[in-house]
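Here is the structure we will look at.
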Amino acid sequence: MGFLDGKQALVTGGSRGIGLAIASALIEEGAEVAICGRDPEQLRRSASVLGARALTFACDVARDEQVAAMFDQVARRFGGLDILVNNAGVGLSAGVADTTPEQWRTVIETNLCGPFYCSRLAIPLMKKRGGGYIINISSLAGKNAFAGGAAYNASKFGLNGFSEALMLDVRYDKIRVSYVMPGSVETEFGMGVKASASDWKLQSVDVAEQVLALLRLPQRALASRVEMRPLLPPRK
Ligand SMILES: NC(=O)c1ccc[n+]([C@@H]2O[C@H](COP(=O)([O-])OP(=O)(O)OC[C@H]3O[C@@H](n4cnc5c(N)ncnc54)[C@H](OP(=O)(O)O)[C@@H]3O)[C@@H](O)[C@H]2O)c1
């Protein structure tokens with residue numbers, strides 16, 4: 001059916017937006033895919049879109065005990081894991097003085113702790129398969145700071161550093177690690193500001209295509225960091 005026949009994947013935040021597009025692309029290429037999100041109703045809707053080769057888990061990746069419970073189920077159902085896409089993320093646009101500790105924790109715990117909780121449990125499952133691929137969905141906000149972006153920037157700058165160290169940790173286990181840094185993508189992703197006219201933006205499927213392109217590279221090759229941006233953003 002596709003180049004991912006027989007492979008098994010987990011996509012966090014796979015119930016909407018970029019994660020749903022990635023899950024769908026992996027399934028189209030033959031993989032069996034588990035997705036997670038916090039909203040069970042949204043998960044049910046996505047499951048009906050994704051079809052029989054999708055599994056859903058209600059899991060908040062910011063909660064390590066929920067991640068552990070999900071990985072127990074993944075291990076039981078899959079027996080191992082070939083691909084992990086750490087995609088779940090939340091945005092925030094607020095100046096530091098206006099950011100509450102709770103908002104700060106939510107952004108950091110979701111965008112940075114979540115990928116750590118998932119990756120540490122994915123590694124032994126990938127070793128069982130003789131290797132694997134971890135792809136972290138970061139952002140251009142992981143290298144370009146913006147006013148009001150302190151929490152989000154910190155989470156994505158941190159995710160980039162985490163991804164690079166993780167890559168060095170696991171490369172000799174034949175586990176590849178890449179991080180993708182998209183610019184603006186047309187989704188429901190909220191930064192706490194009203195969305196503007198957006199036909200110039202990247203689409204979720206563009207990020208999914210990039211994920212497939214990484215997975216298609218020969219096993220010996222690793223594109224560890226990918227920046228992608230809309231070609232024609234509004235001129236400044
Ligand atoms: N959209 C952009 O312009 C853009 C640009 C660059 C990078 N990104 C990154 O791309 C990723 C996906 O963004 P998106 O635009 O697709 O956002 P989205 O449309 O808001 O979707 C976010 C997904 O993540 C899930 N999620 C959020 N918090 C979660 C948590 N704590 N635990 C588990 N699942 C959680 C959501 O489901 P629930 O709400 O039900 O949990 C949903 O499935 C994020 O990491 C974001 O930072 C987005």
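Residues in the structure tokens are named by chain (A, B, ... in the order shown) and by number from 1 within that chain; ligands are numbered from 1 in the order shown.
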Once you count only C-alpha atoms and all ligand atoms, what closest atom pair and distance in Å to one decimal does each residue of chain A within 8 Å of ligand 1 have, with rows by chain and rising residue number, as a Markdown table?
```
| residue | atom | partner | partner_atom_place_in_ligand_line | distance |
| --- | --- | --- | --- | --- |
| A:Thr12 | CA | ligand 1 | 34 (N) | 5.8 |
| A:Gly13 | CA | ligand 1 | 24 (O) | 3.3 |
| A:Gly14 | CA | ligand 1 | 43 (O) | 4.8 |
| A:Ser15 | CA | ligand 1 | 43 (O) | 3.9 |
| A:Arg16 | CA | ligand 1 | 43 (O) | 4.2 |
| A:Gly17 | CA | ligand 1 | 16 (O) | 3.6 |
| A:Ile18 | CA | ligand 1 | 16 (O) | 3.7 |
| A:Gly19 | CA | ligand 1 | 16 (O) | 5.6 |
| A:Leu20 | CA | ligand 1 | 43 (O) | 7.0 |
| A:Cys36 | CA | ligand 1 | 34 (N) | 5.8 |
| A:Gly37 | CA | ligand 1 | 34 (N) | 3.6 |
| A:Arg38 | CA | ligand 1 | 41 (O) | 3.5 |
| A:Asp39 | CA | ligand 1 | 40 (O) | 3.7 |
| A:Pro40 | CA | ligand 1 | 40 (O) | 7.0 |
| A:Gln42 | CA | ligand 1 | 40 (O) | 6.1 |
| A:Leu43 | CA | ligand 1 | 40 (O) | 7.1 |
| A:Ala58 | CA | ligand 1 | 33 (C) | 7.7 |
| A:Cys59 | CA | ligand 1 | 33 (C) | 5.5 |
| A:Asp60 | CA | ligand 1 | 32 (N) | 3.5 |
| A:Val61 | CA | ligand 1 | 32 (N) | 4.0 |
| A:Ala62 | CA | ligand 1 | 31 (N) | 5.0 |
| A:Arg63 | CA | ligand 1 | 31 (N) | 7.7 |
| A:Asn86 | CA | ligand 1 | 45 (O) | 7.5 |
| A:Asn87 | CA | ligand 1 | 45 (O) | 4.7 |
| A:Ala88 | CA | ligand 1 | 24 (O) | 3.8 |
| A:Gly89 | CA | ligand 1 | 45 (O) | 3.5 |
| A:Val90 | CA | ligand 1 | 28 (N) | 5.4 |
| A:Gly91 | CA | ligand 1 | 47 (O) | 6.3 |
| A:Thr106 | CA | ligand 1 | 31 (N) | 7.7 |
| A:Glu109 | CA | ligand 1 | 31 (N) | 7.8 |
| A:Thr110 | CA | ligand 1 | 31 (N) | 4.8 |
| A:Asn111 | CA | ligand 1 | 45 (O) | 6.3 |
| A:Gly114 | CA | ligand 1 | 31 (N) | 7.4 |
| A:Ile137 | CA | ligand 1 | 45 (O) | 5.4 |
| A:Ser138 | CA | ligand 1 | 7 (C) | 5.5 |
| A:Ser139 | CA | ligand 1 | 7 (C) | 4.0 |
| A:Leu140 | CA | ligand 1 | 6 (C) | 6.4 |
| A:Ala141 | CA | ligand 1 | 6 (C) | 7.2 |
| A:Tyr152 | CA | ligand 1 | 47 (O) | 8.0 |
| A:Lys156 | CA | ligand 1 | 47 (O) | 7.6 |
| A:Met181 | CA | ligand 1 | 6 (C) | 6.2 |
| A:Pro182 | CA | ligand 1 | 6 (C) | 4.4 |
| A:Gly183 | CA | ligand 1 | 5 (C) | 4.9 |
| A:Ser184 | CA | ligand 1 | 3 (O) | 3.6 |
| A:Val185 | CA | ligand 1 | 3 (O) | 3.7 |
| A:Glu186 | CA | ligand 1 | 1 (N) | 5.8 |
| A:Thr187 | CA | ligand 1 | 19 (O) | 4.7 |
| A:Glu188 | CA | ligand 1 | 19 (O) | 4.3 |
| A:Phe189 | CA | ligand 1 | 20 (O) | 3.6 |
| A:Gly190 | CA | ligand 1 | 20 (O) | 6.3 |
| A:Leu202 | CA | ligand 1 | 3 (O) | 7.9 |
| A:Ser204 | CA | ligand 1 | 16 (O) | 7.0 |
```
Filtering to C-alpha atoms, could you give me those residues as a short mmCIF file (atom, residue, chain, number, x, y, z; two decimals), in the first residue's frame?
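Heads up, here's the output in again_1.cif:
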```cif
data_model
loop_
_atom_site.label_atom_id
_atom_site.label_comp_id
_atom_site.auth_asym_id
_atom_site.auth_seq_id
_atom_site.Cartn_x
_atom_site.Cartn_y
_atom_site.Cartn_z
CA THR A 12 0.48 13.42 19.86
CA GLY A 13 -2.15 16.08 19.27
CA GLY A 14 -3.35 14.02 16.33
CA SER A 15 -7.00 14.96 16.71
CA ARG A 16 -6.88 18.30 14.86
CA GLY A 17 -4.76 20.56 12.69
CA ILE A 18 -1.20 19.55 11.81
CA GLY A 19 -1.28 16.36 13.91
CA LEU A 20 -4.42 15.09 12.18
CA CYS A 36 -3.85 11.42 21.40
CA GLY A 37 -5.52 14.62 22.53
CA ARG A 38 -7.35 15.84 25.60
CA ASP A 39 -10.87 16.18 24.18
CA PRO A 40 -12.54 12.75 23.81
CA GLN A 42 -12.71 15.53 19.10
CA LEU A 43 -10.85 12.20 19.23
CA ALA A 58 -7.43 10.59 25.66
CA CYS A 59 -4.16 11.82 27.14
CA ASP A 60 -2.80 15.16 28.30
CA VAL A 61 0.90 15.04 27.36
CA ALA A 62 1.63 17.59 30.08
CA ARG A 63 0.79 14.92 32.68
CA ASN A 86 5.66 14.96 19.19
CA ASN A 87 3.19 17.45 17.79
CA ALA A 88 0.79 18.39 20.63
CA GLY A 89 1.26 22.03 21.50
CA VAL A 90 -0.46 25.13 22.79
CA GLY A 91 0.17 28.80 22.07
CA THR A 106 0.73 24.98 30.73
CA GLU A 109 4.63 21.46 30.32
CA THR A 110 2.71 20.79 27.09
CA ASN A 111 5.26 21.92 24.48
CA GLY A 114 5.31 16.49 26.85
CA ILE A 137 7.07 19.66 15.66
CA SER A 138 8.75 22.83 16.82
CA SER A 139 8.24 26.25 15.21
CA LEU A 140 10.16 29.15 13.70
CA ALA A 141 9.30 30.64 17.12
CA TYR A 152 5.91 29.99 23.66
CA LYS A 156 10.11 25.94 21.38
CA MET A 181 10.08 24.36 12.44
CA PRO A 182 7.07 25.62 10.49
CA GLY A 183 6.12 29.29 10.16
CA SER A 184 2.42 30.19 10.18
CA VAL A 185 0.14 27.25 9.42
CA GLU A 186 -3.60 27.59 8.78
CA THR A 187 -5.13 25.76 11.80
CA GLU A 188 -7.25 26.55 14.85
CA PHE A 189 -4.02 27.05 16.84
CA GLY A 190 -4.66 29.93 19.22
CA LEU A 202 1.16 27.00 5.04
CA SER A 204 -1.34 21.32 7.67
#
```
| said: Give me, as a ChimeraX atom specification, the residues of region 5-198 of chain A that a backbone DSSP run labels strand (DSSP E). | reply: /A:8-12,32-37,54-58,83-86,132-137,175-182,185-186
task = Within 10 Å of Glu209 (chain A), counting only C-alpha atoms, which residues show up once you throw out same-chain ones fewer than 5 positions away? Write them as a VMD selection string, please.
result = chain A and resid 21 to 22 25 to 26 204 214 to 215
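Note that CA of Val96 (chain A) and CA of Gly149 (chain A) are 8.4 Å apart.
Of the listed residues (A:Lys236, A:Arg53, A:Lys201, A:Lys174), A:Lys174 comes nearest to Lys128 (chain A); the distances count only C-alpha atoms.
Picture a line from CA of Leu168 (chain A) to CA of Leu125 (chain A); it runs 18.0 Å.
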Closest atom pairs, region 47-108 of chain A residues within 12 Å of region 143-146 of chain A, only C-alpha atoms, as CSV:
```
residue,atom,partner,partner_atom,distance
A:Leu92,CA,A:Phe146,CA,11.5
A:Ser93,CA,A:Phe146,CA,9.2
A:Ala94,CA,A:Phe146,CA,10.3
A:Gly95,CA,A:Phe146,CA,10.0
A:Val96,CA,A:Phe146,CA,11.8
```
Nearest to Ala68 (chain A), restricted to only C-alpha atoms and choosing among A:Ala221, A:Leu121, A:Leu84, A:Ala47, comes out as A:Leu121
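Of the residues under consideration (A:Leu10, A:Val211, A:Ala122, A:Leu4), A:Leu4 shows the shortest atom-to-atom contact distance to Gly30 (chain A) when counting only C-alpha atoms.
Once Asn160 (chain A) and its same-chain neighbours fewer than 3 positions away are set aside, A:Ser138, A:Gly142, A:Lys156, A:Phe157, A:Ser163, A:Glu164, A:Tyr179 remain within 7 Å of it when counting only C-alpha atoms.
Minimum distance to Ala23 (chain A) across A:Val205, A:Val107, A:Asp173, A:Phe57 (counting only C-alpha atoms) occurs at A:Val205.
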